[in-house]
>>> print(open('start33.cif').read())   # mmCIF, C-alpha atoms
data_work
loop_
_atom_site.label_atom_id
_atom_site.label_comp_id
_atom_site.auth_asym_id
_atom_site.auth_seq_id
_atom_site.Cartn_x
_atom_site.Cartn_y
_atom_site.Cartn_z
CA MET L 4 -22.64 -30.30 -3.93
CA SER L 5 -20.34 -28.13 -6.07
CA ASN L 6 -19.59 -24.58 -7.04
CA PHE L 7 -17.61 -22.96 -9.84
CA VAL L 8 -14.43 -21.15 -8.89
CA SER L 9 -13.06 -18.33 -11.02
CA VAL L 10 -9.37 -18.29 -11.89
CA ILE L 11 -8.05 -14.75 -12.33
CA PRO L 12 -4.44 -14.62 -13.55
CA GLN L 13 -2.44 -11.43 -14.07
CA GLU L 14 -3.19 -11.37 -17.80
CA LEU L 15 -6.90 -11.05 -17.05
CA ILE L 16 -6.30 -8.31 -14.48
CA ASP L 17 -4.26 -6.43 -17.08
CA SER L 18 -7.16 -6.66 -19.55
CA LEU L 19 -9.44 -4.78 -17.16
CA HIS L 20 -7.37 -1.58 -17.62
CA ILE L 21 -7.87 -0.43 -14.03
CA ARG L 22 -6.91 3.22 -13.62
CA PRO L 23 -4.67 4.44 -10.77
CA SER L 24 -7.46 6.86 -9.86
CA GLU L 25 -9.77 3.89 -9.31
CA CYS L 26 -7.17 2.30 -7.07
CA MET L 27 -7.08 5.42 -4.92
CA GLU L 28 -10.88 5.34 -4.69
CA TRP L 29 -10.74 1.69 -3.63
CA VAL L 30 -8.23 2.29 -0.83
CA GLN L 31 -10.35 5.15 0.46
CA GLU L 32 -13.41 2.90 0.35
CA GLY L 33 -11.48 0.29 2.30
CA PHE L 34 -10.40 2.77 4.96
CA MET L 35 -13.98 3.99 5.35
CA MET L 36 -15.19 0.45 6.19
CA LYS L 37 -12.26 -0.44 8.46
CA ASP L 38 -14.21 -0.10 11.71
CA ASP L 39 -16.79 -2.64 10.49
CA ALA L 40 -14.39 -5.17 8.99
CA GLN L 41 -12.79 -8.11 10.81
CA MET L 42 -9.06 -8.22 10.23
CA PRO L 43 -6.98 -10.51 12.45
CA ALA L 44 -3.25 -9.92 12.66
CA LYS L 45 -0.96 -11.27 9.96
CA LEU L 46 0.50 -14.68 10.72
CA SER L 47 3.89 -15.74 9.36
CA VAL L 48 5.87 -18.96 9.29
CA LEU L 49 9.59 -19.10 8.53
CA PRO L 50 10.52 -22.17 6.47
CA GLN L 51 14.25 -21.44 6.06
CA GLY L 52 16.76 -18.61 6.08
CA GLU L 53 15.17 -15.24 5.29
CA ASP L 54 12.15 -16.87 3.64
CA PHE L 55 8.62 -16.42 4.95
CA ILE L 56 5.03 -17.37 4.19
CA THR L 57 2.45 -14.94 5.56
CA SER L 58 -1.33 -15.23 5.73
CA MET L 59 -3.48 -12.08 5.73
CA PRO L 60 -7.23 -12.67 6.32
CA CYS L 61 -10.07 -10.16 6.25
CA LEU L 62 -13.87 -10.30 6.43
CA LEU L 63 -15.52 -7.31 4.76
CA PRO L 64 -18.78 -5.89 6.14
CA ASP L 65 -22.02 -6.73 4.37
CA LYS L 66 -22.60 -4.40 1.42
CA ASP L 67 -25.53 -4.50 -1.00
CA GLY L 68 -26.40 -7.99 0.21
CA LYS L 69 -22.90 -9.32 -0.43
CA LYS L 70 -20.43 -10.42 2.19
CA TYR L 71 -16.91 -11.35 1.20
CA PHE L 72 -14.10 -13.04 3.07
CA GLY L 73 -10.62 -13.24 1.62
CA ILE L 74 -7.15 -14.32 2.55
CA LYS L 75 -3.90 -13.34 0.88
CA ILE L 76 -0.94 -15.68 1.07
CA VAL L 77 2.37 -13.89 0.57
CA SER L 78 5.58 -15.86 0.19
CA ARG L 79 9.18 -14.79 -0.02
CA ILE L 80 11.13 -17.86 -1.11
CA GLU L 81 14.70 -17.68 -2.35
CA GLY L 82 14.88 -19.25 -5.79
CA GLN L 83 11.28 -18.74 -6.88
CA GLN L 84 10.65 -16.22 -9.65
CA PRO L 85 9.85 -13.59 -8.63
CA THR L 86 11.16 -14.06 -5.12
CA LEU L 87 8.12 -12.35 -3.58
CA GLN L 88 4.73 -13.67 -4.71
CA SER L 89 1.15 -13.54 -3.49
CA THR L 90 -2.15 -15.31 -4.17
CA ILE L 91 -5.60 -14.23 -3.01
CA TYR L 92 -8.48 -16.60 -2.21
CA LEU L 93 -11.92 -14.96 -2.21
CA TYR L 94 -14.97 -16.52 -0.53
CA GLU L 95 -18.68 -15.83 -0.17
CA ALA L 96 -18.83 -15.43 3.60
CA THR L 97 -22.49 -16.38 4.07
CA THR L 98 -22.12 -19.77 2.35
CA GLY L 99 -18.40 -20.48 2.70
CA ALA L 100 -18.10 -21.04 -1.05
CA LEU L 101 -14.74 -20.35 -2.66
CA LEU L 102 -15.40 -17.82 -5.43
CA ALA L 103 -12.02 -17.05 -6.94
CA VAL L 104 -8.30 -17.69 -6.88
CA MET L 105 -6.34 -14.75 -8.23
CA ASP L 106 -2.83 -13.48 -8.70
CA GLY L 107 -2.07 -10.96 -5.96
CA ASP L 108 1.15 -9.32 -7.14
CA TRP L 109 -0.43 -6.42 -9.06
CA ILE L 110 -2.96 -5.89 -6.28
CA THR L 111 -0.19 -5.71 -3.68
CA ALA L 112 1.78 -3.17 -5.70
CA MET L 113 -1.15 -0.93 -6.56
CA ARG L 114 -2.85 -0.93 -3.17
CA THR L 115 0.49 -0.13 -1.55
CA GLY L 116 1.21 2.67 -4.00
CA SER L 117 -2.32 4.03 -3.72
CA VAL L 118 -2.18 4.25 0.06
CA ALA L 119 1.15 6.09 -0.05
CA ALA L 120 -0.16 8.53 -2.67
CA LEU L 121 -3.33 9.06 -0.65
CA ALA L 122 -1.27 9.78 2.48
CA ALA L 123 0.81 12.30 0.54
CA GLU L 124 -2.31 14.11 -0.66
CA ILE L 125 -3.93 14.12 2.78
CA PHE L 126 -0.94 15.23 4.85
CA LYS L 127 1.15 17.51 2.61
CA HIS L 128 1.01 21.19 3.48
CA LYS L 129 -0.77 23.69 1.25
CA GLY L 130 0.57 24.41 -2.20
CA VAL L 131 2.88 21.41 -2.52
CA ASP L 132 3.28 20.02 -6.03
CA THR L 133 6.73 18.46 -5.59
CA TYR L 134 7.36 14.96 -4.25
CA SER L 135 10.77 13.51 -3.34
CA MET L 136 11.21 9.78 -3.86
CA ILE L 137 13.96 7.41 -2.76
CA GLY L 138 13.95 3.71 -3.62
CA LEU L 139 12.73 3.66 -7.20
CA GLY L 140 11.47 0.13 -7.74
CA ASN L 141 8.03 -1.19 -8.66
CA ILE L 142 6.19 0.22 -5.65
CA ALA L 143 7.62 3.68 -6.32
CA ARG L 144 6.24 3.44 -9.86
CA ALA L 145 2.82 2.62 -8.44
CA VAL L 146 3.00 5.64 -6.13
CA ALA L 147 3.99 7.91 -9.02
CA LEU L 148 1.20 6.60 -11.25
CA CYS L 149 -1.34 7.49 -8.58
CA LEU L 150 0.18 10.90 -7.80
CA ILE L 151 0.34 11.90 -11.46
CA GLU L 152 -3.19 10.82 -12.34
CA ASN L 153 -4.63 12.25 -9.14
CA GLN L 154 -3.49 15.73 -10.22
CA LYS L 155 -5.80 15.53 -13.27
CA GLY L 156 -3.37 17.19 -15.64
CA LYS L 157 -1.88 19.71 -13.22
CA PRO L 158 1.93 19.91 -13.22
CA VAL L 159 3.74 17.51 -10.89
CA ILE L 160 7.45 17.60 -10.03
CA ILE L 161 9.13 14.45 -8.73
CA ARG L 162 12.63 14.62 -7.24
CA LEU L 163 14.51 11.31 -7.53
CA MET L 164 17.38 10.25 -5.31
CA ARG L 165 19.99 8.76 -7.62
CA TYR L 166 20.93 5.11 -7.16
CA LYS L 167 22.74 3.26 -9.94
CA ASP L 168 20.57 3.75 -13.07
CA GLN L 169 17.21 3.61 -11.27
CA ALA L 170 16.40 7.30 -11.73
CA GLU L 171 16.99 7.24 -15.47
CA ARG L 172 14.88 4.09 -15.86
CA PHE L 173 12.16 5.67 -13.74
CA ILE L 174 12.03 8.74 -15.95
CA GLU L 175 11.89 6.55 -19.06
CA ARG L 176 8.84 4.74 -17.63
CA PHE L 177 6.92 8.02 -17.41
CA LYS L 178 8.04 9.68 -20.63
CA GLU L 179 4.51 9.61 -22.06
CA TYR L 180 3.05 11.70 -19.21
CA SER L 181 2.99 15.36 -20.16
CA ASN L 182 2.19 16.81 -16.72
CA VAL L 183 5.21 15.44 -14.83
CA SER L 184 8.81 16.61 -14.73
CA PHE L 185 11.75 15.08 -12.90
CA GLU L 186 14.87 16.20 -11.06
CA ILE L 187 17.67 13.79 -10.16
CA ILE L 188 19.40 14.54 -6.86
CA ASP L 189 22.86 13.17 -6.13
CA ASP L 190 23.38 14.43 -2.58
CA LYS L 191 21.37 12.86 0.24
CA ARG L 192 21.51 15.95 2.43
CA GLU L 193 20.18 18.12 -0.36
CA PHE L 194 17.50 15.55 -1.12
CA ALA L 195 16.17 15.58 2.46
CA ALA L 196 16.69 19.25 3.31
CA GLU L 197 14.73 20.58 0.32
CA ALA L 198 11.87 18.06 0.45
CA ASP L 199 8.27 18.92 1.29
CA VAL L 200 7.11 15.30 0.88
CA ILE L 201 9.49 12.35 1.17
CA ILE L 202 8.21 9.00 -0.09
CA SER L 203 10.66 6.20 0.65
CA CYS L 204 10.22 2.86 -1.10
CA VAL L 205 13.55 1.53 0.14
CA THR L 206 12.96 -2.14 0.96
CA VAL L 207 16.06 -2.77 3.08
CA ALA L 208 17.45 -0.22 5.54
CA THR L 209 19.67 -1.54 8.31
CA GLU L 210 20.36 1.98 9.57
CA LEU L 211 18.75 5.42 9.49
CA LEU L 212 18.52 6.87 5.98
CA PHE L 213 18.87 10.47 7.21
CA PRO L 214 20.29 10.41 10.75
CA ASP L 215 20.70 14.21 10.94
CA ASP L 216 17.35 15.33 12.37
CA SER L 217 17.98 18.94 11.35
CA LEU L 218 17.54 18.02 7.68
CA PHE L 219 13.77 17.62 8.08
CA LYS L 220 12.32 21.09 7.63
CA LYS L 221 9.10 22.34 9.16
CA GLY L 222 6.01 21.18 7.31
CA VAL L 223 7.60 18.07 5.81
CA THR L 224 5.55 14.91 5.32
CA VAL L 225 7.48 11.62 5.43
CA ILE L 226 5.97 8.38 4.12
CA PRO L 227 8.22 5.32 4.64
CA VAL L 228 6.30 2.84 2.48
CA HIS L 229 8.19 -0.15 3.86
CA VAL L 230 8.36 1.44 7.36
CA ARG L 231 12.17 1.35 7.40
CA GLY L 232 14.90 3.92 7.90
CA PHE L 233 13.10 6.82 9.62
CA GLN L 234 12.88 5.76 13.28
CA ASN L 235 14.60 8.98 14.37
CA CYS L 236 11.53 10.84 13.11
CA ASP L 237 9.38 8.86 15.56
CA LEU L 238 10.87 10.86 18.40
CA PHE L 239 10.39 14.46 17.24
CA PHE L 240 7.80 14.65 14.46
CA ASP L 241 4.62 16.40 15.57
CA LYS L 242 2.16 13.75 14.41
CA VAL L 243 2.28 10.11 13.34
CA PHE L 244 -0.49 8.33 11.45
CA GLY L 245 -0.76 4.62 10.65
CA ASP L 246 -3.02 2.26 8.75
CA ASP L 247 -3.49 -0.18 11.65
CA THR L 248 -2.58 0.32 15.29
CA GLY L 249 -2.22 -3.40 15.93
CA GLN L 250 0.82 -3.41 13.68
CA ILE L 251 2.23 0.03 14.44
CA GLN L 252 2.13 -0.39 18.22
CA ARG L 253 4.90 -2.99 17.96
CA PHE L 254 7.32 -0.29 16.79
CA LYS L 255 10.16 0.46 19.20
CA TYR L 256 9.20 4.10 19.81
CA PHE L 257 5.41 3.81 19.56
CA SER L 258 4.93 4.89 23.18
CA ARG L 259 6.99 8.02 22.50
CA PHE L 260 5.02 9.31 19.50
CA ARG L 261 3.89 12.87 20.28
CA GLN L 262 0.47 12.34 18.69
CA TYR L 263 -0.80 9.20 16.97
CA ASP L 264 -3.99 8.18 15.17
CA GLU L 265 -5.11 5.96 12.33
CA ILE L 266 -5.37 7.43 8.85
CA HIS L 267 -8.98 6.33 8.36
CA HIS L 268 -10.06 8.65 11.18
CA VAL L 269 -8.80 11.56 9.09
CA LEU L 270 -10.81 10.35 6.10
CA GLN L 271 -13.86 10.01 8.35
CA ARG L 272 -13.23 13.55 9.65
CA LYS L 273 -12.87 12.31 13.21
CA ASN L 274 -9.34 13.72 13.22
CA PRO L 275 -8.39 16.94 11.41
CA GLY L 276 -5.03 15.54 10.25
CA ARG L 277 -2.66 18.39 9.43
CA THR L 278 -3.66 21.59 11.25
CA SER L 279 -0.59 23.70 10.49
CA ASP L 280 1.79 24.13 7.57
CA ASP L 281 4.64 23.85 10.09
CA GLU L 282 3.79 20.40 11.43
CA ARG L 283 6.12 17.55 10.60
CA ILE L 284 3.99 14.49 9.85
CA LEU L 285 5.00 10.84 9.55
CA SER L 286 2.67 8.33 7.86
CA TYR L 287 3.33 4.63 8.49
CA ASN L 288 1.23 2.34 6.31
CA TYR L 289 2.27 -1.23 7.00
CA GLY L 290 -0.16 -2.77 4.51
CA ILE L 291 -3.48 -4.29 5.52
CA ALA L 292 -5.45 -7.24 4.15
CA LEU L 293 -8.54 -5.03 4.05
CA HIS L 294 -7.24 -3.30 0.94
CA ASP L 295 -6.16 -6.53 -0.72
CA ILE L 296 -9.63 -8.01 -0.32
CA VAL L 297 -11.44 -4.82 -1.40
CA PHE L 298 -9.32 -4.84 -4.58
CA ALA L 299 -10.01 -8.57 -5.04
CA THR L 300 -13.78 -8.11 -4.82
CA LYS L 301 -13.71 -5.24 -7.34
CA ILE L 302 -11.66 -7.32 -9.77
CA TYR L 303 -13.79 -10.44 -9.25
CA GLU L 304 -17.01 -8.56 -9.93
CA ARG L 305 -15.57 -7.14 -13.15
CA ALA L 306 -13.88 -10.28 -14.40
CA ARG L 307 -16.09 -13.21 -13.38
CA LYS L 308 -18.09 -13.28 -16.62
CA LYS L 309 -15.01 -13.75 -18.79
CA CYS L 310 -12.53 -15.65 -16.64
CA PRO L 311 -11.83 -19.39 -16.72
CA GLN L 312 -13.48 -21.49 -14.03
CA PHE L 313 -13.13 -24.90 -12.49
CA GLU L 314 -15.79 -26.91 -10.72
CA MET L 315 -15.06 -27.59 -7.09
CA SER L 316 -16.93 -30.41 -5.40
CA ARG L 317 -17.77 -29.79 -1.77
CA GLN L 318 -18.36 -32.51 0.75
CA ASN L 319 -21.97 -32.32 2.00
CA LYS L 320 -21.85 -35.19 4.45
CA LYS L 321 -19.90 -35.59 7.62
CA VAL L 322 -16.78 -37.64 7.06
CA TRP L 323 -16.52 -40.41 9.62
CA VAL L 324 -13.18 -42.08 10.17
#
>>> encode(input="start33.cif", output="structure tokens")
Amino acid sequence: MSNFVSVIPQELIDSLHIRPSECMEWVQEGFMMKDDAQMPAKLSVLPQGEDFITSMPCLLPDKDGKKYFGIKIVSRIEGQQPTLQSTIYLYEATTGALLAVMDGDWITAMRTGSVAALAAEIFKHKGVDTYSMIGLGNIARAVALCLIENQKGKPVIIRLMRYKDQAERFIERFKEYSNVSFEIIDDKREFAAEADVIISCVTVATELLFPDDSLFKKGVTVIPVHVRGFQNCDLFFDKVFGDDTGQIQRFKYFSRFRQYDEIHHVLQRKNPGRTSDDERILSYNYGIALHDIVFATKIYERARKKCPQFEMSRQNKKVWV
């Protein structure tokens, strides 16, 4: 008994030319099926030092006669290049057959960026076309790609908090986009006080990024992509939304949130989301395997006819010892 397993490296994913707008559609599709998916909690082991290996499983609901199960393995190992890597294993859930092994790094970046951009579009108050970004690495680029394309040619302004030469490199990355302009901000107080939407992609924050609560004006939307540095907002923002309660409820101040709900309930119109231009809203999106596996199925279905395969023999008799 055997089946053929597709191998989907990053080069093949690149060749599919997946648009940021498609990524935003995929994360919305994932949120809409969240109630019917099975998604156990992430499980991590700690081999040494700050390193970790995390497994993220998810079973998608049956759709069009297809039922997929997938698991993403994320590792952070000092010395490997890059330090943070991920691989996704995709299965046919009704037979247990392994369908594909694929590189997960692009998927992780784009699903993370898409969710943050989606949260910004859902929760920002009326008339906002300016986004303030701090932490300008790869995930921030993914967020910006989605924000810019989602505006369909309408002008977008992105305020960048200066750090070393990150802002200049960020602007260079987007020089070919005609509908976006940039401002570089040097002062942290000015950055926070004048922001309508703050998107933080800071990966390490051992203390509050903006400890002065008075800097957050009415109507602001704050999206800490890596859920760090804004715990003071937990205590006085009007509403908090998250991608998965099982993860968010472990936060120190979860029990003190004024109002909390999951973001997919807003998409399903079970929760109105923002109801006033004065509300301060915090959106915590910890990252869920559901989106990784939705992305993996979309990529597999597009790529399987042209990707390399290997034959995997499966034991069809009980092994007696």
>>> closest_atom_pairs(input="start33.cif", of="range 183-248 of chain L", to="range 138-157 of chain L", cutoff="8 Å", atoms="only C-alpha atoms", output="tab-separated table")
residue	atom	partner	partner_atom	distance
L:Val183	CA	L:Ile151	CA	6.9
L:Ser203	CA	L:Gly138	CA	5.9
L:Cys204	CA	L:Gly138	CA	4.6
L:Val205	CA	L:Gly138	CA	4.4
L:Thr206	CA	L:Gly138	CA	7.5
>>> resolve_selection(input="start33.cif", expression="the PyMOL selection byres ((chain L and resi 300) around 10)", output="list in words")
Leu63, Lys70, Tyr71, Phe72, Gly73, Leu93, Tyr94, Leu102, Ala103, His294, Asp295, Ile296, Val297, Phe298, Ala299, Lys301, Ile302, Tyr303, Glu304, Arg305 and Ala306 of chain L
>>> closest_residue(input="start33.cif", among="L:Lys255, L:Arg79, L:Lys37, L:Lys178", to="Asp54 in chain L", atoms="only C-alpha atoms")
L:Arg79
>>> atom_distance(input="start33.cif", atom1="CA of Ser58 in chain L", atom2="CA of Ser78 in chain L")
8.9 Å
>>> closest_residue(input="start33.cif", among="L:Gly68, L:Lys167, L:Ala112, L:Thr98", to="Pro23 in chain L", atoms="all atoms listed in the file")
L:Ala112
>>> closest_residue(input="start33.cif", among="L:Phe126, L:Asp199, L:Lys273, L:Tyr134", to="Lys242 in chain L", atoms="all atoms listed in the file")
L:Phe126
>>> residues_around(input="start33.cif", residues="Phe313 in chain L", least_positions_apart="5", cutoff="9 Å", atoms="all atoms listed in the file", output="list of chain:residue names")
L:Asn6, L:Phe7, L:Val8, L:Ser9, L:Val10
>>> closest_residue(input="start33.cif", among="L:Met136, L:Tyr180, L:Tyr289, L:Gly245", to="Tyr166 in chain L", atoms="only C-alpha atoms")
L:Met136
>>> resolve_selection(input="start33.cif", expression="the PyMOL selection byres ((chain L and resi 283) around 6)", output="PyMOL selection string")
chain L and resi 221-224+240-241+282+284
>>> residues_around(input="start33.cif", residues="range 248-253 of chain L", least_positions_apart="3", cutoff="12 Å", atoms="all atoms listed in the file", output="short mmCIF file (atom, residue, chain, number, x, y, z; two decimals) with C-alpha atoms, in the frame of the given file")
data_model
loop_
_atom_site.label_atom_id
_atom_site.label_comp_id
_atom_site.auth_asym_id
_atom_site.auth_seq_id
_atom_site.Cartn_x
_atom_site.Cartn_y
_atom_site.Cartn_z
CA LYS L 37 -12.26 -0.44 8.46
CA MET L 42 -9.06 -8.22 10.23
CA PRO L 43 -6.98 -10.51 12.45
CA ALA L 44 -3.25 -9.92 12.66
CA LYS L 45 -0.96 -11.27 9.96
CA LEU L 46 0.50 -14.68 10.72
CA VAL L 230 8.36 1.44 7.36
CA ASP L 237 9.38 8.86 15.56
CA VAL L 243 2.28 10.11 13.34
CA PHE L 244 -0.49 8.33 11.45
CA GLY L 245 -0.76 4.62 10.65
CA TYR L 256 9.20 4.10 19.81
CA PHE L 257 5.41 3.81 19.56
CA SER L 258 4.93 4.89 23.18
CA ARG L 259 6.99 8.02 22.50
CA PHE L 260 5.02 9.31 19.50
CA TYR L 263 -0.80 9.20 16.97
CA ASP L 264 -3.99 8.18 15.17
CA GLU L 265 -5.11 5.96 12.33
CA ILE L 266 -5.37 7.43 8.85
CA HIS L 267 -8.98 6.33 8.36
CA HIS L 268 -10.06 8.65 11.18
CA SER L 286 2.67 8.33 7.86
CA TYR L 287 3.33 4.63 8.49
CA ASN L 288 1.23 2.34 6.31
CA TYR L 289 2.27 -1.23 7.00
CA GLY L 290 -0.16 -2.77 4.51
CA ILE L 291 -3.48 -4.29 5.52
#
>>> atom_distance(input="start33.cif", atom1="CA of Ile74 in chain L", atom2="CA of Arg114 in chain L")
15.2 Å
>>> residues_around(input="start33.cif", residues="Lys69 in chain L", least_positions_apart="5", cutoff="9 Å", atoms="all atoms listed in the file", output="count of residues only")
4
>>> closest_residue(input="start33.cif", among="L:Val77, L:Ala196, L:Pro227, L:Pro12", to="Thr57 in chain L", atoms="only C-alpha atoms")
L:Val77
>>> closest_residue(input="start33.cif", among="L:Thr133, L:Gln51, L:Asn182, L:Gln88", to="Ile161 in chain L", atoms="only C-alpha atoms")
L:Thr133
>>> residues_near_point(input="start33.cif", point="(18.1, 22.2, 1.9)", cutoff="12 Å", atoms="only C-alpha atoms", output="PyMOL selection string")
chain L and resi 188+190-199+217-221+223
>>> atom_distance(input="start33.cif", atom1="CA of Glu124 in chain L", atom2="CA of Ile16 in chain L")
26.6 Å
>>> residues_around(input="start33.cif", residues="Ser135 in chain L", least_positions_apart="5", cutoff="6 Å", atoms="all atoms listed in the file", output="MDAnalysis selection string")
chainID L and resid 161:162 200:201
>>> resolve_selection(input="start33.cif", expression="the PyMOL selection byres ((chain L and resi 105) around 6)", output="list in words")
Val10, Ile11, Pro12, Thr90, Ile91, Val104 and Asp106 of chain L
>>> residues_near_point(input="start33.cif", point="(10.1, -15.2, -2.7)", cutoff="12 Å", atoms="all atoms listed in the file", output="ChimeraX atom specification")
/L:49-57,76-89,108
>>> build_atoms(input="start33.cif", residues="range 228-239 of chain L", atoms="N, CA, C and O atoms", output="compact mmCIF listing (two decimals), keeping the file's coordinate frame")
# COMPACT_ATOMS: atom_id res chain seq x y z
N VAL L 228 7.24 3.85 2.96
CA VAL L 228 6.30 2.84 2.48
C VAL L 228 6.59 1.48 3.10
O VAL L 228 5.66 0.75 3.46
N HIS L 229 7.85 1.13 3.26
CA HIS L 229 8.19 -0.15 3.86
C HIS L 229 8.61 0.00 5.32
O HIS L 229 9.30 -0.87 5.87
N VAL L 230 8.20 1.12 5.92
CA VAL L 230 8.36 1.44 7.36
C VAL L 230 9.79 1.28 7.86
O VAL L 230 10.00 0.97 9.04
N ARG L 231 10.78 1.51 7.01
CA ARG L 231 12.17 1.35 7.40
C ARG L 231 12.93 2.66 7.22
O ARG L 231 12.67 3.42 6.31
N GLY L 232 13.91 2.88 8.12
CA GLY L 232 14.90 3.92 7.90
C GLY L 232 14.60 5.29 8.46
O GLY L 232 15.42 6.20 8.31
N PHE L 233 13.46 5.48 9.14
CA PHE L 233 13.10 6.82 9.62
C PHE L 233 12.72 6.81 11.11
O PHE L 233 11.96 7.66 11.57
N GLN L 234 13.28 5.87 11.87
CA GLN L 234 12.88 5.76 13.28
C GLN L 234 13.28 6.98 14.10
O GLN L 234 12.67 7.25 15.14
N ASN L 235 14.28 7.75 13.65
CA ASN L 235 14.60 8.98 14.37
C ASN L 235 13.44 9.97 14.32
O ASN L 235 13.21 10.74 15.26
N CYS L 236 12.68 9.94 13.23
CA CYS L 236 11.53 10.84 13.11
C CYS L 236 10.44 10.52 14.13
O CYS L 236 9.66 11.40 14.52
N ASP L 237 10.38 9.26 14.57
CA ASP L 237 9.38 8.86 15.56
C ASP L 237 9.44 9.74 16.80
O ASP L 237 8.43 9.95 17.48
N LEU L 238 10.64 10.22 17.11
CA LEU L 238 10.87 10.86 18.40
C LEU L 238 10.63 12.37 18.39
O LEU L 238 10.51 12.96 19.47
N PHE L 239 10.56 13.00 17.21
CA PHE L 239 10.39 14.46 17.24
C PHE L 239 9.37 15.00 16.23
O PHE L 239 9.05 16.18 16.28
